[in-house]
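Coordinates as given in query-v6.cif (mmCIF, C-alpha atoms and all ligand atoms):
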data_input
#
loop_
_atom_site.group_PDB
_atom_site.id
_atom_site.type_symbol
_atom_site.label_atom_id
_atom_site.label_comp_id
_atom_site.auth_asym_id
_atom_site.auth_seq_id
_atom_site.Cartn_x
_atom_site.Cartn_y
_atom_site.Cartn_z
ATOM 1 C CA MET A 1 -50.858 -62.728 -17.085
ATOM 2 C CA THR A 2 -51.077 -65.597 -19.556
ATOM 3 C CA GLY A 3 -48.315 -68.240 -19.883
ATOM 4 C CA PRO A 4 -45.697 -67.961 -22.608
ATOM 5 C CA VAL A 5 -46.822 -68.611 -26.170
ATOM 6 C CA TYR A 6 -43.577 -70.404 -27.124
ATOM 7 C CA ARG A 7 -41.239 -72.891 -25.428
ATOM 8 C CA ARG A 8 -38.057 -71.986 -27.372
ATOM 9 C CA VAL A 9 -37.381 -68.891 -29.477
ATOM 10 C CA VAL A 10 -34.580 -67.123 -31.292
ATOM 11 C CA ILE A 11 -34.521 -63.387 -30.629
ATOM 12 C CA LYS A 12 -32.809 -61.190 -33.231
ATOM 13 C CA LEU A 13 -31.587 -58.089 -31.440
ATOM 14 C CA SER A 14 -30.816 -54.930 -33.330
ATOM 15 C CA GLY A 15 -27.105 -54.219 -33.240
ATOM 16 C CA GLU A 16 -27.872 -50.606 -34.063
ATOM 17 C CA TYR A 17 -29.877 -50.362 -30.834
ATOM 18 C CA PHE A 18 -26.767 -51.253 -28.804
ATOM 19 C CA ALA A 19 -25.376 -47.814 -29.685
ATOM 20 C CA GLY A 20 -28.097 -46.194 -27.547
ATOM 21 C CA PRO A 21 -28.260 -42.438 -28.157
ATOM 22 C CA ASN A 22 -24.938 -42.500 -30.018
ATOM 23 C CA ALA A 23 -24.394 -43.053 -33.731
ATOM 24 C CA SER A 24 -22.300 -46.176 -33.182
ATOM 25 C CA GLY A 25 -20.501 -48.261 -30.574
ATOM 26 C CA PHE A 26 -21.721 -49.640 -27.251
ATOM 27 C CA ASP A 27 -24.014 -47.845 -24.836
ATOM 28 C CA GLN A 28 -23.649 -49.766 -21.591
ATOM 29 C CA SER A 29 -26.925 -48.671 -20.002
ATOM 30 C CA THR A 30 -28.825 -49.744 -23.132
ATOM 31 C CA ILE A 31 -27.089 -53.130 -23.163
ATOM 32 C CA ASP A 32 -27.769 -53.586 -19.435
ATOM 33 C CA ARG A 33 -31.449 -52.842 -19.944
ATOM 34 C CA VAL A 34 -31.726 -55.301 -22.838
ATOM 35 C CA ALA A 35 -29.926 -57.912 -20.692
ATOM 36 C CA GLY A 36 -32.528 -57.383 -17.969
ATOM 37 C CA ASP A 37 -35.364 -57.799 -20.475
ATOM 38 C CA LEU A 38 -33.850 -61.068 -21.733
ATOM 39 C CA ILE A 39 -33.509 -62.395 -18.189
ATOM 40 C CA ALA A 40 -37.133 -61.481 -17.411
ATOM 41 C CA ALA A 41 -38.205 -63.276 -20.593
ATOM 42 C CA ARG A 42 -36.141 -66.336 -19.629
ATOM 43 C CA GLU A 43 -37.867 -66.324 -16.246
ATOM 44 C CA LEU A 44 -41.197 -66.848 -18.018
ATOM 45 C CA GLY A 45 -39.886 -70.360 -18.710
ATOM 46 C CA VAL A 46 -38.957 -69.809 -22.356
ATOM 47 C CA GLU A 47 -35.640 -71.120 -23.721
ATOM 48 C CA ILE A 48 -33.897 -68.193 -25.359
ATOM 49 C CA ALA A 49 -31.247 -68.045 -28.052
ATOM 50 C CA VAL A 50 -30.171 -64.596 -29.228
ATOM 51 C CA VAL A 51 -28.668 -63.420 -32.501
ATOM 52 C CA VAL A 52 -27.258 -59.899 -32.278
ATOM 53 C CA GLY A 53 -26.772 -57.763 -35.372
ATOM 54 C CA GLY A 54 -23.718 -55.640 -36.044
ATOM 55 C CA GLY A 55 -25.225 -52.372 -37.221
ATOM 56 C CA ASN A 56 -23.685 -50.401 -34.306
ATOM 57 C CA LEU A 57 -20.185 -51.379 -35.440
ATOM 58 C CA VAL A 58 -19.770 -52.644 -39.022
ATOM 59 C CA ARG A 59 -22.020 -53.429 -41.951
ATOM 60 C CA GLY A 60 -20.168 -55.235 -44.730
ATOM 61 C CA VAL A 61 -21.853 -53.348 -47.549
ATOM 62 C CA GLU A 62 -20.826 -50.007 -46.056
ATOM 63 C CA VAL A 63 -17.144 -50.834 -45.513
ATOM 64 C CA SER A 64 -16.838 -52.561 -48.882
ATOM 65 C CA SER A 65 -18.222 -49.453 -50.611
ATOM 66 C CA ARG A 66 -14.975 -47.746 -49.520
ATOM 67 C CA GLY A 67 -12.792 -50.174 -51.480
ATOM 68 C CA MET A 68 -12.532 -53.370 -49.444
ATOM 69 C CA SER A 69 -13.899 -56.572 -51.003
ATOM 70 C CA ARG A 70 -17.416 -57.515 -49.947
ATOM 71 C CA PRO A 71 -16.353 -60.822 -48.348
ATOM 72 C CA ALA A 72 -13.689 -59.003 -46.303
ATOM 73 C CA GLY A 73 -16.218 -56.354 -45.250
ATOM 74 C CA ASP A 74 -18.747 -59.016 -44.351
ATOM 75 C CA THR A 75 -16.143 -60.840 -42.283
ATOM 76 C CA MET A 76 -15.606 -57.634 -40.313
ATOM 77 C CA GLY A 77 -19.387 -57.418 -39.879
ATOM 78 C CA MET A 78 -19.573 -60.990 -38.592
ATOM 79 C CA LEU A 79 -16.768 -60.291 -36.115
ATOM 80 C CA ALA A 80 -18.670 -57.205 -34.972
ATOM 81 C CA THR A 81 -21.597 -59.436 -34.026
ATOM 82 C CA VAL A 82 -19.240 -61.544 -31.898
ATOM 83 C CA MET A 83 -18.173 -58.404 -30.014
ATOM 84 C CA ASN A 84 -21.831 -57.562 -29.403
ATOM 85 C CA CYS A 85 -22.414 -61.079 -28.051
ATOM 86 C CA LEU A 86 -19.480 -60.703 -25.653
ATOM 87 C CA ALA A 87 -20.820 -57.359 -24.410
ATOM 88 C CA LEU A 88 -24.289 -58.843 -23.912
ATOM 89 C CA GLU A 89 -22.987 -62.053 -22.314
ATOM 90 C CA ALA A 90 -21.046 -60.009 -19.750
ATOM 91 C CA ALA A 91 -24.102 -57.855 -19.007
ATOM 92 C CA ILE A 92 -26.366 -60.902 -18.533
ATOM 93 C CA GLU A 93 -23.882 -62.711 -16.293
ATOM 94 C CA ARG A 94 -23.262 -59.595 -14.180
ATOM 95 C CA LYS A 95 -26.961 -59.774 -13.343
ATOM 96 C CA GLY A 96 -26.534 -63.368 -12.146
ATOM 97 C CA THR A 97 -28.010 -65.330 -15.059
ATOM 98 C CA PRO A 98 -25.795 -67.801 -16.914
ATOM 99 C CA ALA A 99 -25.243 -67.136 -20.604
ATOM 100 C CA ARG A 100 -23.099 -68.754 -23.257
ATOM 101 C CA THR A 101 -21.790 -67.408 -26.559
ATOM 102 C CA LEU A 102 -21.458 -69.842 -29.464
ATOM 103 C CA THR A 103 -19.892 -68.615 -32.681
ATOM 104 C CA ALA A 104 -20.069 -69.631 -36.324
ATOM 105 C CA HIS A 105 -16.282 -69.421 -36.696
ATOM 106 C CA VAL A 106 -13.582 -71.401 -34.931
ATOM 107 C CA MET A 107 -12.113 -69.069 -32.313
ATOM 108 C CA PRO A 108 -11.322 -71.265 -29.300
ATOM 109 C CA GLN A 109 -9.769 -68.496 -27.213
ATOM 110 C CA VAL A 110 -12.981 -66.480 -27.562
ATOM 111 C CA SER A 111 -15.916 -68.888 -27.551
ATOM 112 C CA GLU A 112 -17.165 -72.340 -28.405
ATOM 113 C CA LEU A 113 -18.134 -73.195 -31.979
ATOM 114 C CA PHE A 114 -21.898 -73.266 -32.675
ATOM 115 C CA THR A 115 -23.265 -76.769 -33.002
ATOM 116 C CA ARG A 116 -26.849 -77.843 -32.580
ATOM 117 C CA SER A 117 -25.892 -80.148 -29.750
ATOM 118 C CA ALA A 118 -24.080 -77.404 -27.838
ATOM 119 C CA ALA A 119 -27.036 -75.072 -28.283
ATOM 120 C CA HIS A 120 -29.496 -77.753 -27.079
ATOM 121 C CA LYS A 121 -27.297 -78.517 -24.075
ATOM 122 C CA TYR A 122 -26.915 -74.927 -22.885
ATOM 123 C CA LEU A 123 -30.569 -74.074 -23.508
ATOM 124 C CA ALA A 124 -31.640 -77.127 -21.506
ATOM 125 C CA GLU A 125 -29.342 -75.957 -18.684
ATOM 126 C CA GLY A 126 -31.316 -72.715 -18.586
ATOM 127 C CA ARG A 127 -28.613 -70.501 -20.048
ATOM 128 C CA ILE A 128 -29.356 -67.666 -22.431
ATOM 129 C CA VAL A 129 -27.445 -68.706 -25.563
ATOM 130 C CA LEU A 130 -25.878 -65.974 -27.696
ATOM 131 C CA LEU A 131 -25.114 -66.837 -31.311
ATOM 132 C CA GLY A 132 -22.279 -64.775 -32.798
ATOM 133 C CA GLY A 133 -20.660 -64.570 -36.203
ATOM 134 C CA GLY A 134 -23.823 -64.733 -38.285
ATOM 135 C CA THR A 135 -24.092 -67.764 -40.558
ATOM 136 C CA GLY A 136 -20.301 -67.764 -40.932
ATOM 137 C CA ASN A 137 -20.662 -66.814 -44.606
ATOM 138 C CA PRO A 138 -20.484 -63.460 -46.400
ATOM 139 C CA PHE A 139 -23.454 -62.058 -48.324
ATOM 140 C CA PHE A 140 -25.891 -63.004 -45.566
ATOM 141 C CA THR A 141 -27.410 -61.042 -42.681
ATOM 142 C CA THR A 142 -28.124 -61.674 -39.043
ATOM 143 C CA ASP A 143 -31.861 -61.708 -39.868
ATOM 144 C CA THR A 144 -31.236 -64.743 -42.056
ATOM 145 C CA THR A 145 -28.967 -66.153 -39.337
ATOM 146 C CA ALA A 146 -31.785 -65.887 -36.797
ATOM 147 C CA VAL A 147 -34.186 -67.840 -39.024
ATOM 148 C CA LEU A 148 -31.519 -70.404 -39.928
ATOM 149 C CA ARG A 149 -30.542 -71.032 -36.302
ATOM 150 C CA ALA A 150 -34.206 -71.154 -35.249
ATOM 151 C CA ALA A 151 -34.840 -73.884 -37.812
ATOM 152 C CA GLU A 152 -31.673 -75.743 -36.773
ATOM 153 C CA ILE A 153 -32.416 -75.773 -33.046
ATOM 154 C CA GLY A 154 -36.141 -76.374 -33.330
ATOM 155 C CA ALA A 155 -37.267 -72.962 -32.076
ATOM 156 C CA GLN A 156 -40.937 -72.172 -32.546
ATOM 157 C CA ALA A 157 -40.570 -68.533 -33.581
ATOM 158 C CA VAL A 158 -38.150 -65.749 -34.447
ATOM 159 C CA LEU A 159 -38.624 -62.499 -32.557
ATOM 160 C CA LYS A 160 -37.094 -59.542 -34.393
ATOM 161 C CA ALA A 161 -36.516 -56.900 -31.719
ATOM 162 C CA THR A 162 -35.694 -53.733 -33.612
ATOM 163 C CA ASN A 163 -36.186 -49.982 -33.598
ATOM 164 C CA VAL A 164 -39.666 -49.956 -35.195
ATOM 165 C CA ASP A 165 -42.860 -51.484 -33.777
ATOM 166 C CA GLY A 166 -43.725 -53.667 -36.756
ATOM 167 C CA VAL A 167 -43.745 -54.023 -40.508
ATOM 168 C CA TYR A 168 -45.104 -50.996 -42.395
ATOM 169 C CA SER A 169 -46.161 -50.433 -45.988
ATOM 170 C CA ALA A 170 -43.005 -48.257 -46.327
ATOM 171 C CA ASP A 171 -40.090 -47.355 -44.055
ATOM 172 C CA PRO A 172 -41.877 -45.416 -41.269
ATOM 173 C CA LYS A 173 -38.729 -43.405 -40.587
ATOM 174 C CA LYS A 174 -38.904 -42.003 -44.108
ATOM 175 C CA ASP A 175 -42.649 -42.031 -44.806
ATOM 176 C CA PRO A 176 -44.864 -40.866 -41.920
ATOM 177 C CA SER A 177 -47.987 -41.962 -43.853
ATOM 178 C CA ALA A 178 -46.821 -45.618 -43.918
ATOM 179 C CA LYS A 179 -49.450 -48.075 -42.686
ATOM 180 C CA ARG A 180 -48.581 -50.636 -40.016
ATOM 181 C CA PHE A 181 -49.602 -54.275 -40.472
ATOM 182 C CA ASP A 182 -50.762 -56.453 -37.575
ATOM 183 C CA ARG A 183 -50.283 -59.601 -39.625
ATOM 184 C CA LEU A 184 -48.775 -60.673 -42.963
ATOM 185 C CA THR A 185 -48.062 -63.980 -44.628
ATOM 186 C CA HIS A 186 -44.454 -64.747 -45.539
ATOM 187 C CA SER A 187 -45.395 -64.425 -49.198
ATOM 188 C CA GLU A 188 -46.966 -61.010 -48.609
ATOM 189 C CA ALA A 189 -43.835 -59.863 -46.762
ATOM 190 C CA ILE A 190 -41.626 -61.008 -49.643
ATOM 191 C CA GLY A 191 -43.950 -59.667 -52.325
ATOM 192 C CA GLY A 192 -44.245 -56.280 -50.593
ATOM 193 C CA GLY A 193 -40.458 -55.861 -50.551
ATOM 194 C CA TYR A 194 -40.609 -54.549 -46.977
ATOM 195 C CA LYS A 195 -37.023 -53.736 -46.072
ATOM 196 C CA VAL A 196 -37.407 -54.357 -42.348
ATOM 197 C CA MET A 197 -35.927 -57.821 -42.996
ATOM 198 C CA ASP A 198 -34.196 -59.239 -46.034
ATOM 199 C CA ALA A 199 -36.101 -61.451 -48.449
ATOM 200 C CA THR A 200 -33.780 -64.406 -47.781
ATOM 201 C CA ALA A 201 -34.844 -64.409 -44.134
ATOM 202 C CA PHE A 202 -38.548 -64.283 -45.026
ATOM 203 C CA ALA A 203 -38.105 -67.004 -47.664
ATOM 204 C CA LEU A 204 -36.309 -69.365 -45.280
ATOM 205 C CA ALA A 205 -38.974 -68.728 -42.642
ATOM 206 C CA ARG A 206 -41.656 -69.588 -45.199
ATOM 207 C CA GLU A 207 -39.859 -72.785 -46.169
ATOM 208 C CA THR A 208 -39.413 -73.836 -42.544
ATOM 209 C CA SER A 209 -42.890 -72.652 -41.430
ATOM 210 C CA LEU A 210 -41.422 -70.334 -38.807
ATOM 211 C CA PRO A 211 -43.410 -67.334 -37.614
ATOM 212 C CA ILE A 212 -41.503 -64.045 -37.305
ATOM 213 C CA ILE A 213 -42.672 -61.314 -34.964
ATOM 214 C CA VAL A 214 -41.315 -57.822 -35.605
ATOM 215 C CA PHE A 215 -41.551 -55.461 -32.613
ATOM 216 C CA SER A 216 -39.814 -52.568 -30.886
ATOM 217 C CA ILE A 217 -37.031 -53.237 -28.389
ATOM 218 C CA ALA A 218 -37.246 -49.612 -27.236
ATOM 219 C CA GLU A 219 -40.231 -50.425 -25.023
ATOM 220 C CA PRO A 220 -38.839 -51.926 -21.768
ATOM 221 C CA GLY A 221 -40.336 -55.374 -21.178
ATOM 222 C CA SER A 222 -41.413 -55.764 -24.795
ATOM 223 C CA ILE A 223 -39.754 -59.174 -25.206
ATOM 224 C CA GLY A 224 -41.696 -60.615 -22.276
ATOM 225 C CA ALA A 225 -44.904 -59.005 -23.520
ATOM 226 C CA ILE A 226 -44.496 -60.578 -26.960
ATOM 227 C CA LEU A 227 -43.781 -63.960 -25.366
ATOM 228 C CA SER A 228 -46.894 -63.625 -23.221
ATOM 229 C CA GLY A 229 -49.015 -62.810 -26.256
ATOM 230 C CA THR A 230 -49.797 -59.274 -25.051
ATOM 231 C CA GLY A 231 -47.144 -57.265 -26.919
ATOM 232 C CA ARG A 232 -47.488 -55.041 -29.978
ATOM 233 C CA GLY A 233 -45.824 -56.259 -33.136
ATOM 234 C CA THR A 234 -46.404 -57.565 -36.633
ATOM 235 C CA ILE A 235 -46.664 -61.319 -36.948
ATOM 236 C CA VAL A 236 -45.427 -62.772 -40.230
ATOM 237 C CA ALA A 237 -46.737 -66.307 -40.529
ATOM 238 C CA GLY A 238 -48.062 -68.859 -42.984
HETATM 239 N N1 LIG O 301 -41.456 -51.511 -44.543
HETATM 240 C C1 LIG O 301 -40.780 -51.303 -43.411
HETATM 241 N N2 LIG O 301 -41.366 -51.508 -42.195
HETATM 242 C C2 LIG O 301 -40.679 -51.306 -41.050
HETATM 243 N N3 LIG O 301 -39.391 -50.888 -40.998
HETATM 244 C C3 LIG O 301 -38.748 -50.687 -42.170
HETATM 245 C C4 LIG O 301 -39.413 -50.877 -43.423
HETATM 246 N N4 LIG O 301 -38.525 -50.609 -44.417
HETATM 247 C C5 LIG O 301 -37.383 -50.275 -43.849
HETATM 248 N N5 LIG O 301 -37.503 -50.305 -42.478
HETATM 249 C C6 LIG O 301 -36.401 -50.014 -41.562
HETATM 250 O O1 LIG O 301 -35.861 -51.248 -41.122
HETATM 251 C C7 LIG O 301 -35.112 -50.981 -39.949
HETATM 252 C C8 LIG O 301 -34.949 -52.230 -39.127
HETATM 253 O O2 LIG O 301 -34.229 -53.188 -39.820
HETATM 254 P P1 LIG O 301 -32.623 -53.341 -39.788
HETATM 255 O O3 LIG O 301 -32.376 -54.789 -39.970
HETATM 256 O O4 LIG O 301 -32.003 -52.380 -40.711
HETATM 257 O O5 LIG O 301 -32.212 -52.808 -38.396
HETATM 258 P P2 LIG O 301 -31.758 -53.512 -37.087
HETATM 259 O O6 LIG O 301 -32.836 -54.369 -36.546
HETATM 260 O O7 LIG O 301 -31.361 -52.352 -36.239
HETATM 261 O O8 LIG O 301 -30.550 -54.409 -37.532
HETATM 262 P P3 LIG O 301 -28.990 -54.416 -37.216
HETATM 263 O O9 LIG O 301 -28.871 -55.508 -36.257
HETATM 264 O O10 LIG O 301 -28.390 -54.696 -38.532
HETATM 265 O O11 LIG O 301 -28.557 -53.129 -36.615
HETATM 266 C C9 LIG O 301 -35.911 -49.913 -39.224
HETATM 267 O O12 LIG O 301 -35.027 -48.996 -38.672
HETATM 268 C C10 LIG O 301 -36.766 -49.268 -40.310
HETATM 269 O O13 LIG O 301 -36.450 -47.905 -40.453
HETATM 270 O O1 LIG O 302 -24.348 -64.461 -41.964
HETATM 271 C C1 LIG O 302 -23.911 -63.291 -41.965
HETATM 272 C C2 LIG O 302 -24.337 -62.326 -41.038
HETATM 273 C C3 LIG O 302 -23.786 -61.071 -41.056
HETATM 274 N N1 LIG O 302 -22.831 -60.759 -41.964
HETATM 275 C C4 LIG O 302 -22.171 -59.440 -41.952
HETATM 276 O O2 LIG O 302 -22.306 -58.833 -40.663
HETATM 277 C C5 LIG O 302 -22.897 -57.525 -40.785
HETATM 278 C C6 LIG O 302 -23.722 -57.223 -39.598
HETATM 279 O O3 LIG O 302 -24.945 -57.956 -39.653
HETATM 280 P P1 LIG O 302 -26.368 -57.222 -39.800
HETATM 281 O O4 LIG O 302 -27.342 -58.284 -40.074
HETATM 282 O O5 LIG O 302 -26.267 -56.223 -40.908
HETATM 283 O O6 LIG O 302 -26.585 -56.540 -38.489
HETATM 284 C C7 LIG O 302 -23.650 -57.595 -42.116
HETATM 285 O O7 LIG O 302 -23.821 -56.297 -42.657
HETATM 286 C C8 LIG O 302 -22.717 -58.446 -42.960
HETATM 287 O O8 LIG O 302 -21.662 -57.654 -43.408
HETATM 288 C C9 LIG O 302 -22.439 -61.689 -42.906
HETATM 289 O O9 LIG O 302 -21.582 -61.433 -43.760
HETATM 290 N N2 LIG O 302 -22.989 -62.951 -42.863
#

Starting from the file, give its structure as structure tokens.
Amino acid sequence: MTGPVYRRVVIKLSGEYFAGPNASGFDQSTIDRVAGDLIAARELGVEIAVVVGGGNLVRGVEVSSRGMSRPAGDTMGMLATVMNCLALEAAIERKGTPARTLTAHVMPQVSELFTRSAAHKYLAEGRIVLLGGGTGNPFFTTDTTAVLRAAEIGAQAVLKATNVDGVYSADPKKDPSAKRFDRLTHSEAIGGGYKVMDATAFALARETSLPIIVFSIAEPGSIGAILSGTGRGTIVAG
């Protein structure tokens, strides 16, 4: 087994995956398994910050299409990501590893506000740091949040752990003939319009020279495998 490829990473976890076999909500056994994978990855000696999506609970665009304003819908989506962080934090700590949730909004009864110094401190203490509330602003996504926070805290890569095993020429769930890429540049990912991540996230990663690795979270141990350089995923880099 080779040593880890990175010293500090931000992992973007699919919120949708937290629903497990259900259409929405929390599936505890799925969350427990993901918590175990994160702990195993931490034990490789990598500092880990996690951004969790909200697709299992609320997506702003969907709720606003029913009449609510987009900023209000997006605020619900950001709060959904905080709930996912709390579920994951509890699962990680139940397994005996310290974790800490930091949020983009002031909510002192719930968690500490995200600051770079707090993130550095808890990562250096060996905690798994969970970043809730997205960027704190509507009209963004947690993919963009992951790249933003990675740039802010000096992470060396963004790992997008999702429900497909890489970037394809078209959505593989809709087009079985879609071709999978092993590697793309940021500009190719933006130019191709691949909807696995939003263009803002790819553009910020290009500007900050951050590699993004897109891989499947469904494979147990996949986070550790990616960190060891043996996993299967698409690398989007310079
Ligand atoms: N070109 C493409 N290559 C790979 N996946 C694609 C592509 N286009 C669309 N997709 C879809 O993108 C999805 C993953 O991105 P998305 O951000 O929607 O999900 P997620 O990681 O589950 O996020 P969330 O945290 O919001 O639930 C996959 O389910 C896949 O079907
Ligand atoms: O910076 C952000 C991040 C997220 N949101 C809202 O949250 C939901 C859930 O995030 P996903 O990335 O889709 O999983 C998103 O649909 C937005 O409504 C946000 O407003 N700002």

* To do: Could you tell me which of A:Val147, A:Ala189, A:Ile128, A:Cys85 comes closest to Glu43 (chain A) if we count all atoms listed in the file?
  =>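 Result for the nearest residue to Glu43 (chain A): A:Ile128.
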
* Asked: Can you list, as an NGL selection string, the residues that the PyMOL selection byres (((chain A and resi 78) around 9) and not hetatm) selects here?
  -> :A and (53-54 or 58-60 or 73-77 or 79-82 or 104 or 132-138 or 141-142)

* May I ask you to write as number ranges by chain all residues lying at most 9 Å from ligand LIG 301 (chain O), with all atoms listed in the file counted? => A: 12-18, 51-59, 81, 141-143, 160-174, 178-181, 189, 192-198, 214

* Gly3 (chain A): which residues within 12 Å, counting all atoms listed in the file, same-chain residues fewer than 3 positions away excluded, as a VMD selection string? -> chain A and resid 6 to 7 41 43 to 46 224 to 230

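Minimum atom-to-atom distance to ligand LIG 302 (chain O), evaluated using only C-alpha atoms and all ligand atoms, belongs to A:Ala72 out of A:Ala72, A:Val110, A:Ile48, A:Ala90.
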
* Asked: So what does the PyMOL selection byres (((chain A and resi 220) around 12) and not hetatm) actually pick up in this one, as a PyMOL selection string?
  -> chain A and resi 30-38+40-41+161+215-219+221-226+231

* Asked: So what does the PyMOL selection byres (((chain A and resi 100) around 7) and not hetatm) actually pick up in this one, as a ChimeraX atom specification?
  -> /A:89,98-99,101-102,127-130

* How far is it from CA of Ile39 (chain A) to CA of Thr97 (chain A), in Å with one decimal? -> 7.0 Å

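Distances here use only C-alpha atoms and all ligand atoms; by that measure, the residue among A:Ala151, A:Ala119, A:Val9, A:Val63 closest to ligand LIG 302 (chain O) is A:Val63.
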
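Each of A:Ala157, A:Ile11, A:Ala205, A:Leu148 was compared to ligand LIG 302 (chain O) using only C-alpha atoms and all ligand atoms, and A:Leu148 turns out to be the nearest.
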
* Å distance separating CA of Thr103 (chain A) from CA of Arg149 (chain A), one decimal place ->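 These two atoms are separated by 11.5 Å.
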
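CA of Thr145 (chain A) lies 10.6 Å from atom C8 of ligand LIG 302 (chain O).
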
* Structure fact -> Of A:Thr200, A:Ser69, A:Thr234, A:Gln156, the one nearest to Thr185 (chain A) when counting all atoms listed in the file is A:Thr234

Output as AutoDock Vina command-line options the centre and edge lengths (Å, one decimal) of the box along x, y and z of the file that holds every listed atom of region 33-45 of chain A after adding 5 Å on each side.
--center_x -35.6 --center_y -61.6 --center_z -19.5 --size_x 21.3 --size_y 27.5 --size_z 16.6

* Asked: Of the candidates A:Ala201, A:Leu159, A:Ala237, A:Ala124, which one gets nearest to ligand LIG 302 (chain O) if we count only C-alpha atoms and all ligand atoms?
  ->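 Smallest distance to ligand LIG 302 (chain O) is found for A:Ala201.
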
Dump region 207-226 of chain A with N, CA and C atoms to a file, as an mmCIF file, in the first residue's frame.
data_model
loop_
_atom_site.group_PDB
_atom_site.id
_atom_site.type_symbol
_atom_site.label_atom_id
_atom_site.label_comp_id
_atom_site.auth_asym_id
_atom_site.auth_seq_id
_atom_site.Cartn_x
_atom_site.Cartn_y
_atom_site.Cartn_z
ATOM 1 N N GLU A 207 -9.112 28.413 -11.289
ATOM 2 C CA GLU A 207 -8.454 29.647 -10.846
ATOM 3 C C GLU A 207 -7.515 29.408 -9.669
ATOM 4 N N THR A 208 -7.862 28.441 -8.831
ATOM 5 C CA THR A 208 -7.051 28.190 -7.629
ATOM 6 C C THR A 208 -6.136 26.969 -7.797
ATOM 7 N N SER A 209 -6.076 26.452 -9.021
ATOM 8 C CA SER A 209 -5.206 25.299 -9.355
ATOM 9 C C SER A 209 -5.464 24.096 -8.449
ATOM 10 N N LEU A 210 -6.734 23.838 -8.174
ATOM 11 C CA LEU A 210 -7.074 22.697 -7.318
ATOM 12 C C LEU A 210 -7.545 21.518 -8.158
ATOM 13 N N PRO A 211 -6.925 20.353 -7.993
ATOM 14 C CA PRO A 211 -7.460 19.171 -8.658
ATOM 15 C C PRO A 211 -8.768 18.715 -7.999
ATOM 16 N N ILE A 212 -9.671 18.193 -8.831
ATOM 17 C CA ILE A 212 -10.918 17.595 -8.327
ATOM 18 C C ILE A 212 -10.931 16.146 -8.782
ATOM 19 N N ILE A 213 -11.236 15.243 -7.863
ATOM 20 C CA ILE A 213 -11.360 13.840 -8.251
ATOM 21 C C ILE A 213 -12.801 13.410 -8.014
ATOM 22 N N VAL A 214 -13.442 12.942 -9.083
ATOM 23 C CA VAL A 214 -14.843 12.518 -9.006
ATOM 24 C C VAL A 214 -14.855 10.989 -8.951
ATOM 25 N N PHE A 215 -15.491 10.428 -7.925
ATOM 26 C CA PHE A 215 -15.487 8.964 -7.769
ATOM 27 C C PHE A 215 -16.744 8.521 -7.027
ATOM 28 N N SER A 216 -16.949 7.202 -6.999
ATOM 29 C CA SER A 216 -18.174 6.669 -6.396
ATOM 30 C C SER A 216 -17.981 6.402 -4.908
ATOM 31 N N ILE A 217 -18.933 6.885 -4.119
ATOM 32 C CA ILE A 217 -18.920 6.628 -2.672
ATOM 33 C C ILE A 217 -19.562 5.271 -2.377
ATOM 34 N N ALA A 218 -20.225 4.700 -3.376
ATOM 35 C CA ALA A 218 -20.944 3.436 -3.150
ATOM 36 C C ALA A 218 -19.996 2.272 -2.883
ATOM 37 N N GLU A 219 -18.760 2.396 -3.342
ATOM 38 C CA GLU A 219 -17.767 1.343 -3.138
ATOM 39 C C GLU A 219 -17.153 1.520 -1.753
ATOM 40 N N PRO A 220 -17.396 0.604 -0.781
ATOM 41 C CA PRO A 220 -16.797 0.799 0.543
ATOM 42 C C PRO A 220 -15.274 0.921 0.441
ATOM 43 N N GLY A 221 -14.715 1.864 1.174
ATOM 44 C CA GLY A 221 -13.263 2.068 1.162
ATOM 45 C C GLY A 221 -12.769 2.921 0.013
ATOM 46 N N SER A 222 -13.693 3.468 -0.777
ATOM 47 C CA SER A 222 -13.250 4.207 -1.972
ATOM 48 C C SER A 222 -12.512 5.501 -1.618
ATOM 49 N N ILE A 223 -12.839 6.117 -0.504
ATOM 50 C CA ILE A 223 -12.150 7.366 -0.140
ATOM 51 C C ILE A 223 -10.673 7.062 0.132
ATOM 52 N N GLY A 224 -10.435 6.035 0.927
ATOM 53 C CA GLY A 224 -9.054 5.646 1.233
ATOM 54 C C GLY A 224 -8.295 5.241 -0.022
ATOM 55 N N ALA A 225 -8.984 4.534 -0.917
ATOM 56 C CA ALA A 225 -8.324 4.097 -2.158
ATOM 57 C C ALA A 225 -7.916 5.305 -3.000
ATOM 58 N N ILE A 226 -8.801 6.284 -3.102
ATOM 59 C CA ILE A 226 -8.457 7.493 -3.867
ATOM 60 C C ILE A 226 -7.268 8.200 -3.217
#
